[in-house]
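Reviewing the structure listed below.
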Amino acid sequence: MKSNVGKLLSTAAIAATISTGAAAATLDDVKAKGFIQCGVSQGVPGFSNADVNGNWTGIDVDACRATAAAIFGDAQAVKFTPLSAKERFTALQSGEIDMLSRNTTWTYTRDTSLGLDFTAVNFYDGQGFMARKDLGVESALDLDGATVCTEQGTTTELNMADFFRKHKMNYVPVIVQKADEALAAYASGRCDVFTTDKSGLAAHRSKLADPSAHVILAETISKEPLGPVVRHGDNQWKDIVTWAMFVQVNAEEMGISSKNVAKIKSESNDPGIRRLLGAEGNMGESLGLGADWAYNIIAEVGNYGEVFERNVGPNTPVGLPRGINNLWTEGGVMYAPPVR
Amino acid sequence: MSDKNSSSIKNFLNDAGNRALIFQVVLLAVVVFVGYYLFTNLQANLANQGISTGFAFLNQPAGFPVLIHLIEYTEANTYGRAFVVALINTVVISLMGIALATIIGVVMGLARLSNNWLVARLATVYVETLRNIPLLLQMFFWYFAVLATLPIPKNSIIFGDFFLNKRGIYSPNPITQDGFGIVIAGFILSIIASIALVVWAKKRQTRTGLWFPAYWASFGTIIGITFLALVVSGFPIEFDLPQKSRFNVTGGMVLPPEFVAVLVALSTYTGAFIAEIVRAGILSVNWGQTEAARSLGLKDSLTQRLIVLPQALRVIIPPLTSQFLNLAKNSSLGAAIAYPELVAVVMGTTLNQTGQAIENIGLCMLVYGTLSLSISMFMNWYNKKMSLIER
């Protein structure tokens, strides 16, 4: 009996420490741990995907690496938690992960009522459809009566419902728990169409046995701004994750890359650049970071253009054009506030 | 005075019953306090993080589709209705699974005891194979390996008005017309008549010892009267026939592969366990009972039905209950292959759209708890009814 009471009391004590822990600064927790626990997808080539050796690569992975570089000066100080779409928010809310970087769409509801804060957009996407070429479908408007496969727990489910309702078309939804199984259902012919964000379609198509037998239809039926997410209420942590992304975009705009950043730091006379790279003053201080936080991001992870080209660019298996993800100066919408 | 007082307290504490009571009260207080503390802590944390709470979301439009809905459901309906749709899907697959698993289990259990070497070995192979493979794998097997090898809709296998392809089994959908009320009335009437028949036959047998095949007669009565009503009202049914369309087969009734895969996997898996329970139950009945029945001149089928099975049931029912509970809970694995049951719709989509983990998981726990307790209560009642009544 006594030991039972003791157990109960110690449970209460643990609960008390957890409750105080939740409110504490994520940066302190992360520094104490020595690494960032980062939630990523279970495998979307180009965004977050592990190779046979367990090394993660992708745009979303690089968002975690950039944050780690800013804090520790070591882009490898990240541990990854692969999450399904339906697990991701709970994992973040409950503190299992420090940040979520998993092709997650920034929406009103998620930002306002899920206890989440969206940081910056690292990929502007939109939902599309992929179909087998031999069906002869040329437009999403030809899909009346089609069976549609998708992954569960995403905005995709809602967008496709809206699209078919808007155009008064019938469809049969097959909503599978995991992306890989949804793709398997599509590959086996259970569905005529697979739908997700267009970048995801390209990534998934590269996993199919014969990618050339499938066509991604031209229509984009939604706006899907994707980016890292943090818990609501920790402004300092949100700032760090946000500015890790903004620094990369600004660096591309200024022509600073991982290859020339060391040279620019030592040679540049531009006070703005010298401040950014930590050659003068300490801009990292207001984030609780060291003076060379931005330098480390660019040196270890690269600027936004490098991240894009390396992971999803035209020369990768995913093969996406830069499109609207180009810099605003190049006709795209990638625009970061100035570092001043 | 004070000495007397302290000794009375000592006496009070020395009483084992009193001590136990005090500890119970203290424990209860601690449990209540910890429960209250955890609850308020949870609420404070949710409020701190800006996560909305409460069940108001159930009245908001869901906006997502559900593949299988036995009641009317569109994307414009509420989360509450989606919950009911999922609840019905869970209950339907559980009850159908329980019925099928019981039939499979009894047949296979008897088959393992068969004198026919081949039948007994086949039943053994069935039981040993299915019992030892995880259920989730079996679902994937039926869904991705068996049903996915069916032809695409364009090349459907066609029997008359039935179509079979990757998208499911399509059959004509009966649509009732005016005058169908007569058929329903006839059906209800025939059921009342057959209940009366069974009661009469039993009474007569008790009185005179004469036996009457009441169940077969009832079966005939129900079919006969219902058919007669159909003729009288002029067959008030039309069929919506399935037809090939551009992508799928449309019209008619469809049994989607997700449903078939979950049902087959659940019932064959649990059936294997039930087969073992049935076999053990029958073996537990003393062989002398069978010998005695035979010496009375009873046929083998009657020996089984009237002597062995009623005694075996007493041993079979309690473990059978836990298999039924397992089946009902295992139906949640259907989420993995897109069968839209409770876990898929509530803990999957709804949870993800609303972010209200506590409420949604709470709802699911409530449902599974209620479902399990209902099955358990029914089986306990049945067990009591079947148990040996000693006079």
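Residue numbers start at 1 in each chain; chains themselves are named A, B, ... in the order of the structure tokens; ligands are numbered from 1 in the order shown.
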
* Return as a PyMOL selection string the residues belonging to chain A that are within 7 Å of chain B, counting only C-alpha atoms. => chain A and resi 5+12+19+86+113-115+145-146+152-153+157-158+161+172-177+188-190+232-233

* Asked: Can you tell me, as a PyMOL selection string, what residues are no more than 12 Å from region 303-313 of chain B when counting only C-alpha atoms, ignoring any on the same chain fewer than 4 positions away?
  -> chain B and resi 106+110+277-299+317-321+379+382-389

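Remark: for Ala32 (chain A), the closest of the candidate residues A:Ile71, A:Asp60, A:Thr104, A:Lys168 is A:Ile71 (distances computed over only C-alpha atoms).
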
Using only C-alpha atoms, which protein or nucleic acid residues come within 8 Å of Cys64 (chain A)? Drop anything in the same chain fewer than 6 positions from it, and give the result as an mmCIF file with N, CA and C atoms, in the first residue's frame.
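What ended up in around18.cif:
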data_model
loop_
_atom_site.group_PDB
_atom_site.id
_atom_site.type_symbol
_atom_site.label_atom_id
_atom_site.label_comp_id
_atom_site.auth_asym_id
_atom_site.auth_seq_id
_atom_site.Cartn_x
_atom_site.Cartn_y
_atom_site.Cartn_z
ATOM 1 N N ILE A 36 18.784 19.015 -32.051
ATOM 2 C CA ILE A 36 17.378 19.348 -32.293
ATOM 3 C C ILE A 36 16.646 18.071 -32.651
ATOM 4 N N CYS A 38 13.800 16.743 -34.691
ATOM 5 C CA CYS A 38 13.072 17.352 -35.802
ATOM 6 C C CYS A 38 12.113 16.335 -36.418
ATOM 7 N N VAL A 78 21.247 17.124 -35.393
ATOM 8 C CA VAL A 78 19.804 16.951 -35.537
ATOM 9 C C VAL A 78 19.492 15.474 -35.421
ATOM 10 N N MET A 99 10.806 20.848 -33.558
ATOM 11 C CA MET A 99 10.223 21.547 -34.705
ATOM 12 C C MET A 99 9.740 20.511 -35.702
ATOM 13 N N SER A 101 9.216 19.767 -39.631
ATOM 14 C CA SER A 101 9.579 20.227 -40.965
ATOM 15 C C SER A 101 9.190 19.120 -41.931
#

* So which residues of region 305-366 of chain B fall under alpha helix (DSSP H) by DSSP, listed as a ChimeraX atom specification? -> /B:309-330,342,351-354,357-366

Go ahead and save the residues from that selection, with C-alpha atoms, as a CSV table (one decimal), in the first residue's frame.
chain,number,residue,atom,x,y,z
B,309,LEU,CA,-22.5,-29.4,-27.8
B,310,PRO,CA,-24.7,-28.1,-24.9
B,311,GLN,CA,-22.1,-29.4,-22.4
B,312,ALA,CA,-19.2,-28.2,-24.5
B,313,LEU,CA,-20.8,-24.7,-24.7
B,314,ARG,CA,-20.3,-24.2,-21.0
B,315,VAL,CA,-16.5,-24.5,-21.5
B,316,ILE,CA,-16.5,-22.7,-24.9
B,317,ILE,CA,-18.4,-19.5,-24.1
B,318,PRO,CA,-16.0,-17.7,-21.7
B,319,PRO,CA,-13.0,-17.9,-23.9
B,320,LEU,CA,-15.2,-17.2,-26.9
B,321,THR,CA,-16.2,-13.9,-25.3
B,322,SER,CA,-12.6,-12.7,-25.3
B,323,GLN,CA,-12.2,-13.7,-29.0
B,324,PHE,CA,-15.2,-11.6,-29.8
B,325,LEU,CA,-13.8,-8.7,-27.9
B,326,ASN,CA,-10.5,-9.1,-29.7
B,327,LEU,CA,-12.2,-9.1,-33.0
B,328,ALA,CA,-14.1,-5.9,-32.3
B,329,LYS,CA,-10.9,-4.2,-31.2
B,330,ASN,CA,-8.9,-5.6,-34.1
B,342,LEU,CA,-13.6,4.7,-36.2
B,351,LEU,CA,-8.1,14.6,-35.3
B,352,ASN,CA,-5.8,16.0,-38.0
B,353,GLN,CA,-8.3,18.6,-39.2
B,354,THR,CA,-9.3,19.8,-35.7
B,357,ALA,CA,-6.4,14.9,-29.7
B,358,ILE,CA,-7.8,14.6,-26.2
B,359,GLU,CA,-11.5,14.8,-27.3
B,360,ASN,CA,-11.1,12.6,-30.4
B,361,ILE,CA,-9.1,9.9,-28.7
B,362,GLY,CA,-11.5,10.1,-25.7
B,363,LEU,CA,-14.5,9.5,-28.1
B,364,CYS,CA,-12.7,6.5,-29.5
B,365,MET,CA,-11.9,5.1,-26.1
B,366,LEU,CA,-15.5,5.6,-25.1

* **Non-local contacts of Leu141 (chain A) (9 Å; only C-alpha atoms; under 5 positions in same chain excluded) as number ranges by chain** => A: 164, 167, 169, 219

Take the residues from that selection and put them in a file with N, CA, C and O atoms, as a short mmCIF file (atom, residue, chain, number, x, y, z; two decimals), in the first residue's frame.
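This went into result_14.cif:
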data_model
loop_
_atom_site.label_atom_id
_atom_site.label_comp_id
_atom_site.auth_asym_id
_atom_site.auth_seq_id
_atom_site.Cartn_x
_atom_site.Cartn_y
_atom_site.Cartn_z
N PHE A 164 -14.09 18.51 -56.36
CA PHE A 164 -15.12 17.70 -57.01
C PHE A 164 -16.50 18.28 -56.77
O PHE A 164 -17.37 18.23 -57.63
N HIS A 167 -17.04 21.40 -59.08
CA HIS A 167 -17.29 21.08 -60.48
C HIS A 167 -18.38 20.05 -60.66
O HIS A 167 -18.53 19.48 -61.74
N MET A 169 -18.75 16.97 -59.84
CA MET A 169 -18.31 15.69 -60.37
C MET A 169 -18.37 14.65 -59.25
O MET A 169 -18.18 14.95 -58.09
N GLU A 219 -3.69 21.04 -64.02
CA GLU A 219 -4.40 21.87 -63.03
C GLU A 219 -3.72 21.84 -61.66
O GLU A 219 -3.31 20.80 -61.18
#

* So which one's closest to Asn282 (chain A), A:Leu27, A:Val241, A:Arg340, A:Asp234? Using only C-alpha atoms, please. -> A:Arg340

* What is the distance, in Å and to one decimal place, between CA of Trp56 (chain A) and CA of Asn159 (chain A)? -> 29.6 Å

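Backbone DSSP over region 177-243 of chain A gives strand (DSSP E) for A:Val193, A:Phe194, A:Thr195, A:Thr196, A:Asp197, A:His214, A:Val215, A:Ile216, A:Glu224, A:Pro225, A:Leu226, A:Val229, A:Val230, A:Arg231.
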
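The shortest atom-to-atom distance to Ser194 (chain B), with only C-alpha atoms taken into account, belongs to B:Pro213 out of B:Ser376, B:Thr208, B:Pro213, B:Glu72.
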
* **Non-local contacts of Gly290 (chain A) (12 Å; only C-alpha atoms; under 6 positions in same chain excluded) as a ChimeraX atom specification** => /A:69-73,240,276-279,281-284,296-297

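When the distance limit is 10 Å and only C-alpha atoms are what count, the residues near Leu208 (chain A), minus those fewer than 5 positions from it on the same chain, are Leu183, Ala184, Tyr186, Ala187, Ala203, Ala213 and His214 of chain A.
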
Mind dumping the selected residues with N, CA and C atoms as a PDB file, in the first residue's frame?
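For reference, out32.pdb as written:
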ATOM      1  N   LEU A 183       0.196   5.114 -52.253  1.00  0.00           N
ATOM      2  CA  LEU A 183       0.858   4.999 -53.561  1.00  0.00           C
ATOM      3  C   LEU A 183       0.773   3.552 -54.063  1.00  0.00           C
ATOM      4  N   ALA A 184       0.929   2.595 -53.139  1.00  0.00           N
ATOM      5  CA  ALA A 184       0.827   1.179 -53.531  1.00  0.00           C
ATOM      6  C   ALA A 184      -0.574   0.875 -54.056  1.00  0.00           C
ATOM      7  N   TYR A 186      -2.566   3.001 -55.489  1.00  0.00           N
ATOM      8  CA  TYR A 186      -2.632   3.611 -56.824  1.00  0.00           C
ATOM      9  C   TYR A 186      -1.892   2.750 -57.836  1.00  0.00           C
ATOM     10  N   ALA A 187      -0.693   2.294 -57.457  1.00  0.00           N
ATOM     11  CA  ALA A 187       0.117   1.500 -58.391  1.00  0.00           C
ATOM     12  C   ALA A 187      -0.579   0.191 -58.747  1.00  0.00           C
ATOM     13  N   ALA A 203       7.732  13.601 -56.568  1.00  0.00           N
ATOM     14  CA  ALA A 203       8.566  12.740 -55.722  1.00  0.00           C
ATOM     15  C   ALA A 203       8.039  11.313 -55.729  1.00  0.00           C
ATOM     16  N   ALA A 213       5.052   6.200 -67.293  1.00  0.00           N
ATOM     17  CA  ALA A 213       3.689   5.761 -67.630  1.00  0.00           C
ATOM     18  C   ALA A 213       2.627   6.597 -66.917  1.00  0.00           C
ATOM     19  N   HIS A 214       3.079   7.592 -66.142  1.00  0.00           N
ATOM     20  CA  HIS A 214       2.121   8.384 -65.374  1.00  0.00           C
ATOM     21  C   HIS A 214       2.271   9.863 -65.701  1.00  0.00           C
TER      22      HIS A 214
END
